[in-house]
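Okay, so here's the structure we're looking at.
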Amino acid sequence: MPEGSNKQLAKLDNNQILSLIESMPNLDEGDKQQLQLQIMSDNLELRKTAMDKLLKSQQAQADISDVMNQILEAPKQGVYINAKQTAETGSGKVEIEVKGGDTKFIVPVLTILAIVALVVLFIVFG
Amino acid sequence: MSWYYKSYYSEKDIDFTSGYLNYDQFLLQEFFNCSDKTWLQIARYYTDQHGSRSFGYLRRKFYEWKEGNYHITDLMRSRILDVMPRFLTDEAKDKLGLHEFLSSIKNTVKSNQLKSTYKKEAITSFDDFVKAIKNELDNINNIEIRYLRFNIISESEKREALNISKYILKTKLQSVYNHVTKDIELISPYFKKNNLDRFKINYKAEFGKYSISLVDKELNKVSFPSFKLNDIASNNKYNHYAEKYLAYELKEILHKRNNQIVEGFLTDKDINIFLAKYLELKNSQDCEVKMNAEFKGEIGILRMEVHYIPPKLLDLEIKKKKFSLGYKGLFGILFLWWIGSNDYWDELIAFWIILIPASIWYYSMIREDLDEINDLEKKKKYYA
């Protein structure tokens, strides 16, 4: 697990409850042990959930990077791109919609279209 | 297997995990499991009240009813229930007392904890949030135990039950307070960034009857009130149960709190990914970017939205619109030229019913293009 995530998970506070249980004079050893076991088992479960979330987040990051690479490469390859990607992250979701790429050919295409349209109009009305 | 095991009214412990006690069942259980000494006392009292014939019947049927082989008659049942409270042993009274002690804690916590309501009280600033927390804290401090079913526990035990209830309620409130505070601390810098990058940001969270909604505003630094949970000491005959109950309750609260922390532990990282990708795309200046994101915090949800169009793409859009406008204008001019050169004016007037809506449609198309060009010019200035 990356260091940053470990730092975040350090917020998981079990010491407070563990020391409180330990300091309860009327709780018998059996109860204390059972509670400590449950706390540890809950903690393990939470860490597993955290790990799943982290993997999801990394996957989302990779997915978004793939789409971005395609987009950023588009102008070099001379293509125009219109892409939409939804990625589920560890804490939610990100939706990216990108339009762009090589726009050099658009103006010449429009000019040719304009000429063709003019010719058609002259034929129809001329 | 002994007959005792099969017995319908065999001695059972009260279920202390439940806030409810079936008192009639408890009395019948005490009756059918009473000691010889208590039985003699009951017999004397019962005979005085209902006569020796009725008692004889009760004595004959005792084991059949106890073992659950025969259904106890309603009349006999009501008589036993009427008699029994006078002959409860100290042990039985302790059980009732313990039930009352624990159920008063459970009921006080249940009826006073933050409850979700259909109609929410809106919180739109930090100050309102702090006020709401202070208000809830005051409410907890003013709680009193008003009703006890059996009134068996002493005044000091009542006070202890109340203190434990308040402790649990404050711990729960503190959890909510901590989660919202952590969320707000986390999102606060992004609200500031909003001024620079034109992000639309809103944060929503709900707790109890409150609904927090912070939208597109820079958050000022607020000093939150701090409340410390003093250790509570239990000192009565129910110590063992009270501590066990408290330990389990706190374990659950802490588990829920940790669960919420895990819910939001990647929010910061995910927001940073979102921002980094946005900036990368924005800096490339090659594409229009529209990004929406929804991130769960420890308790609330942060929504971010951003739309960026590079000026060069806007230029292209403006050119496309101008082309489109040009075609439409040229079509109109050529059409009129064609009408004029062929002298079709009479025919045109004859078809006025088509001509008028067509002219309106044509005008609105041109108007729309002009408006869009204006709009794009404004956007170009905005995104430049």
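Starting from 1 in every chain, residues are counted up; chains themselves are A, B, ... following the order of the structure tokens, and ligands are numbered from 1 as listed.
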Task: All residues 7 Å or closer to Ile123 in chain B, only C-alpha atoms, same chain fewer than 3 positions away omitted, as a PyMOL selection string - done: chain B and resi 128-129+210-213
Residues just named, written with N, CA and C atoms as a PDB file, in the first residue's frame:
```pdb
ATOM      1  N   ASP B 128     -23.274  27.852  10.697  1.00  0.00           N
ATOM      2  CA  ASP B 128     -24.547  27.137  10.942  1.00  0.00           C
ATOM      3  C   ASP B 128     -24.269  25.717  11.429  1.00  0.00           C
ATOM      4  N   PHE B 129     -23.258  25.109  10.830  1.00  0.00           N
ATOM      5  CA  PHE B 129     -22.908  23.733  11.210  1.00  0.00           C
ATOM      6  C   PHE B 129     -22.457  23.673  12.675  1.00  0.00           C
ATOM      7  N   TYR B 210     -30.413  17.448   9.759  1.00  0.00           N
ATOM      8  CA  TYR B 210     -29.694  18.515   9.074  1.00  0.00           C
ATOM      9  C   TYR B 210     -29.211  18.093   7.682  1.00  0.00           C
ATOM     10  N   SER B 211     -29.170  19.084   6.831  1.00  0.00           N
ATOM     11  CA  SER B 211     -28.636  18.850   5.485  1.00  0.00           C
ATOM     12  C   SER B 211     -27.635  19.968   5.181  1.00  0.00           C
ATOM     13  N   ILE B 212     -26.378  19.588   5.022  1.00  0.00           N
ATOM     14  CA  ILE B 212     -25.340  20.598   4.743  1.00  0.00           C
ATOM     15  C   ILE B 212     -25.188  20.725   3.238  1.00  0.00           C
ATOM     16  N   SER B 213     -25.166  21.945   2.777  1.00  0.00           N
ATOM     17  CA  SER B 213     -24.929  22.157   1.348  1.00  0.00           C
ATOM     18  C   SER B 213     -24.027  23.377   1.189  1.00  0.00           C
TER      19      SER B 213
END
```
Open item on the list: For Glu288 in chain B, find every residue with an atom within 8 Å (counting only C-alpha atoms), except residues of its own chain fewer than 6 positions away, and show them as a PyMOL selection string.
Closed with: (chain A and resi 98-100) or (chain B and resi 307-310+313)
How would the residues just chosen look if you wrote them out with C-alpha atoms as a PDB file, in the first residue's frame?
```pdb
ATOM      1  CA  VAL A  98     -13.189  15.168 -24.600  1.00  0.00           C
ATOM      2  CA  LYS A  99     -13.522  16.522 -28.098  1.00  0.00           C
ATOM      3  CA  GLY A 100     -10.495  17.490 -30.047  1.00  0.00           C
TER       4      GLY A 100
ATOM      5  CA  HIS B 307     -15.802  22.644 -18.743  1.00  0.00           C
ATOM      6  CA  TYR B 308     -12.919  24.047 -20.727  1.00  0.00           C
ATOM      7  CA  ILE B 309     -12.733  24.919 -24.418  1.00  0.00           C
ATOM      8  CA  PRO B 310      -9.368  26.035 -25.817  1.00  0.00           C
ATOM      9  CA  LEU B 313     -11.282  25.308 -30.886  1.00  0.00           C
TER      10      LEU B 313
END
```
- [ ] Within 6 Å of Thr89 in chain A, counting only C-alpha atoms, which residues show up once you throw out same-chain ones fewer than 6 positions away? Write them as a ChimeraX atom specification, please.
- [x] /A:56-57,60
Using N, CA and C atoms, can you export the residues from the last selection as a tab-separated table (two decimals), in the first residue's frame?
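Output saved as part.tsv:
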```tsv
chain	number	residue	atom	x	y	z
A	56	LYS	N	-9.24	-0.07	-7.05
A	56	LYS	CA	-10.22	0.56	-7.94
A	56	LYS	C	-9.71	1.92	-8.40
A	57	SER	N	-9.16	2.65	-7.46
A	57	SER	CA	-8.66	3.98	-7.75
A	57	SER	C	-7.50	3.92	-8.76
A	60	ALA	N	-8.86	3.11	-12.12
A	60	ALA	CA	-9.49	4.29	-12.72
A	60	ALA	C	-8.42	5.22	-13.28
```
Closest-contact table, chain B side, partner chain A, 9 Å, counting only C-alpha atoms, as a Markdown table:
```
| residue | atom | partner | partner_atom | distance |
| --- | --- | --- | --- | --- |
| B:Asp231 | CA | A:Leu20 | CA | 8.8 |
| B:Ala233 | CA | A:Met24 | CA | 8.9 |
| B:Asn239 | CA | A:Asn26 | CA | 6.2 |
| B:His240 | CA | A:Asn26 | CA | 4.9 |
| B:Tyr241 | CA | A:Leu27 | CA | 8.2 |
| B:Ala242 | CA | A:Asn26 | CA | 8.9 |
| B:Glu243 | CA | A:Leu27 | CA | 6.4 |
| B:Lys244 | CA | A:Leu27 | CA | 6.3 |
| B:Ala247 | CA | A:Ile21 | CA | 6.3 |
| B:Tyr248 | CA | A:Leu35 | CA | 7.4 |
| B:Leu250 | CA | A:Ile17 | CA | 7.0 |
| B:Lys251 | CA | A:Ile17 | CA | 6.6 |
| B:Leu254 | CA | A:Asn14 | CA | 7.3 |
| B:His255 | CA | A:Asp42 | CA | 7.0 |
| B:Arg257 | CA | A:Leu12 | CA | 8.2 |
| B:Asn258 | CA | A:Leu12 | CA | 5.3 |
| B:Asn259 | CA | A:Leu46 | CA | 6.6 |
| B:Ile261 | CA | A:Leu12 | CA | 6.9 |
| B:Val262 | CA | A:Ala50 | CA | 5.8 |
| B:Glu263 | CA | A:Ser91 | CA | 6.6 |
| B:Gly264 | CA | A:Ser91 | CA | 6.2 |
| B:Phe265 | CA | A:Gln8 | CA | 5.8 |
| B:Leu266 | CA | A:Ser91 | CA | 5.7 |
| B:Thr267 | CA | A:Ser91 | CA | 5.5 |
| B:Lys269 | CA | A:Ser57 | CA | 8.6 |
| B:Asp270 | CA | A:Thr89 | CA | 6.8 |
| B:Ile273 | CA | A:Gln61 | CA | 7.1 |
| B:Phe274 | CA | A:Val94 | CA | 7.3 |
| B:Lys277 | CA | A:Ile64 | CA | 8.0 |
| B:Tyr278 | CA | A:Ile96 | CA | 9.0 |
| B:Glu280 | CA | A:Met68 | CA | 8.7 |
| B:Leu281 | CA | A:Met68 | CA | 7.5 |
| B:Ser284 | CA | A:Leu72 | CA | 7.2 |
| B:Asp286 | CA | A:Gly101 | CA | 5.7 |
| B:Cys287 | CA | A:Gly100 | CA | 3.9 |
| B:Glu288 | CA | A:Lys99 | CA | 5.0 |
| B:Val289 | CA | A:Val98 | CA | 4.8 |
| B:Lys290 | CA | A:Glu97 | CA | 5.0 |
| B:Met291 | CA | A:Ile96 | CA | 4.5 |
| B:Asn292 | CA | A:Glu95 | CA | 5.0 |
| B:Ala293 | CA | A:Val94 | CA | 4.3 |
| B:Glu294 | CA | A:Gly92 | CA | 5.4 |
| B:Phe295 | CA | A:Gly92 | CA | 4.3 |
| B:Lys296 | CA | A:Ser91 | CA | 5.2 |
| B:Gly297 | CA | A:Ser91 | CA | 7.3 |
| B:Ile301 | CA | A:Gly92 | CA | 8.9 |
| B:Leu313 | CA | A:Gly100 | CA | 7.9 |
| B:Leu316 | CA | A:Val107 | CA | 7.8 |
| B:Lys319 | CA | A:Val107 | CA | 8.1 |
| B:Lys320 | CA | A:Leu110 | CA | 7.6 |
| B:Phe323 | CA | A:Leu110 | CA | 7.6 |
| B:Tyr327 | CA | A:Ala114 | CA | 7.5 |
| B:Leu330 | CA | A:Leu118 | CA | 8.5 |
| B:Phe331 | CA | A:Leu121 | CA | 7.3 |
| B:Leu334 | CA | A:Phe125 | CA | 6.8 |
| B:Phe335 | CA | A:Phe125 | CA | 6.9 |
| B:Trp337 | CA | A:Phe125 | CA | 8.3 |
| B:Trp338 | CA | A:Phe125 | CA | 5.6 |
| B:Ile339 | CA | A:Phe125 | CA | 8.9 |
```
Open item on the list: Please list as JSON, numbers by chain every residue within 6 Å of range 107-112 of chain B, counting only C-alpha atoms and excluding residues in the same chain fewer than 3 positions away.
Closed with: {"B": [103, 104, 165]}
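For range 63-117 of chain A, backbone-based DSSP assignment of helix (DSSP H, G or I) covers Asp63, Ile64, Ser65, Asp66, Val67, Met68, Asn69, Gln70, Ile71, Leu72, Glu73, Ala74, Pro75, Lys76, Gln77, Ile106, Val107, Pro108, Val109, Leu110, Thr111, Ile112, Leu113, Ala114, Ile115, Val116 and Ala117 of chain A.
Between Tyr203 in chain B and the residues B:Arg146, B:Glu305, B:Pro311, B:Asp138, the shortest atom-to-atom distance, using only C-alpha atoms, involves B:Glu305.
Take CA of Ala350 in chain B and CA of Leu336 in chain B: the distance between them is 15.6 Å.
Nearest-residue note for Thr89 in chain B: choosing from B:Tyr57, B:Phe126, B:Tyr63, B:Trp39, the minimum distance belongs to B:Trp39, counting only C-alpha atoms.
Between CA of Phe199 in chain B and CA of Met304 in chain B the interatomic distance comes to 6.7 Å.
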